[in-house]
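Peer 1: Mind looking over this structure? Questions follow.
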Amino acid sequence: MSRAAIEAEVRALAHLDLHGLRQAWALRYGSPPALRSVELLRLMLAWRMQADALGGLDAKTRRQIERTARAAPEGLDLGIGTRIRRDWQGGVVEVEVVDGGFRWNCAVYASLSAAATAIAGVRWNGPRFFGLRKAAA
């Protein structure tokens, strides 16, 4: 498949809703991931389509990713640079995983819960605040 053709297919993803993205994934790759985020599913599908057509990450980039330090707040495994977003009181708050904790509003917090508490002004469990907890079985 040509670069122009894959670019056109990726652009077409912008017009699909969650159901359409899941159908597109299923046609290409089988069962889609259990995501509810249209944006995340669109990005994942676009990357996978491009990687299949044009090749994935080169060896140097894969090694750099493997060497990236990992943060494991409250049992979660989030890599440095990960951005976690949540709609909060009419706006979007974003926390970035950095070396040594979580950055929000120019401050670094030792835990995701500390960042969530600073954002909300009352004590919060960080993974719960950001919707990172797995549903109870």
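Ordering of the structure tokens sets the chain letters (A, B, ...), residue numbers begin anew at 1 in every chain, and ligands are numbered from 1 in the order given.
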Can you tell me, as a list in words, what residues are no more than 8 Å from stretch 119-133 of chain A when counting only C-alpha atoms, ignoring any on the same chain fewer than 3 positions away?
Peer 2: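 My list of contacting residues is Glu74, Ile84, Arg85, Arg86, Ser111, Leu112, Ser113, Ala114, Ala115 and Ala116 of chain A.
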Peer 1: Using only C-alpha atoms, what does the table of stretch 42-132 of chain A residues within 10 Å of stretch 6-13 of chain A look like, with each row giving the shortest atom pair and its distance in Å to one decimal, sorted by chain and ascending number, as JSON lines?
Peer 2:
{"residue": "A:Arg42", "atom": "CA", "partner": "A:Leu13", "partner_atom": "CA", "distance": 6.6}
{"residue": "A:Leu43", "atom": "CA", "partner": "A:Leu13", "partner_atom": "CA", "distance": 9.1}
{"residue": "A:Leu45", "atom": "CA", "partner": "A:Val10", "partner_atom": "CA", "distance": 8.4}
{"residue": "A:Ala46", "atom": "CA", "partner": "A:Val10", "partner_atom": "CA", "distance": 5.5}
{"residue": "A:Trp47", "atom": "CA", "partner": "A:Val10", "partner_atom": "CA", "distance": 8.7}
{"residue": "A:Met49", "atom": "CA", "partner": "A:Ile6", "partner_atom": "CA", "distance": 7.5}
{"residue": "A:Gln50", "atom": "CA", "partner": "A:Ile6", "partner_atom": "CA", "distance": 6.7}
{"residue": "A:Asp52", "atom": "CA", "partner": "A:Ile6", "partner_atom": "CA", "distance": 9.8}
{"residue": "A:Ala53", "atom": "CA", "partner": "A:Ile6", "partner_atom": "CA", "distance": 7.2}
{"residue": "A:Leu54", "atom": "CA", "partner": "A:Ile6", "partner_atom": "CA", "distance": 8.7}
Peer 1: Can I get the selection written as a CSV table (one decimal), in the first residue's frame, with C-alpha atoms?
Peer 2:
chain,number,residue,atom,x,y,z
A,42,ARG,CA,-8.3,6.4,16.9
A,43,LEU,CA,-4.7,7.0,17.7
A,45,LEU,CA,-5.7,2.2,15.1
A,46,ALA,CA,-3.9,4.9,13.1
A,47,TRP,CA,-0.5,3.9,14.5
A,49,MET,CA,-2.3,0.8,10.3
A,50,GLN,CA,0.8,2.9,9.6
A,52,ASP,CA,1.7,-2.4,9.3
A,53,ALA,CA,2.0,-0.5,6.0
A,54,LEU,CA,5.2,1.4,6.6
Peer 1: Among stretch 24-116 of chain A, which ones does DSSP place in alpha helix (DSSP H), written as a ChimeraX atom specification?
Peer 2: /A:24-29,38-54,59-67,112-116
Peer 1: Can you tell me how far atom CA of A:Glu94 sits from atom CA of A:Leu40, in Å to one decimal?
Peer 2: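 We find that atom CA of A:Glu94 and atom CA of A:Leu40 lie 15.3 Å from each other.
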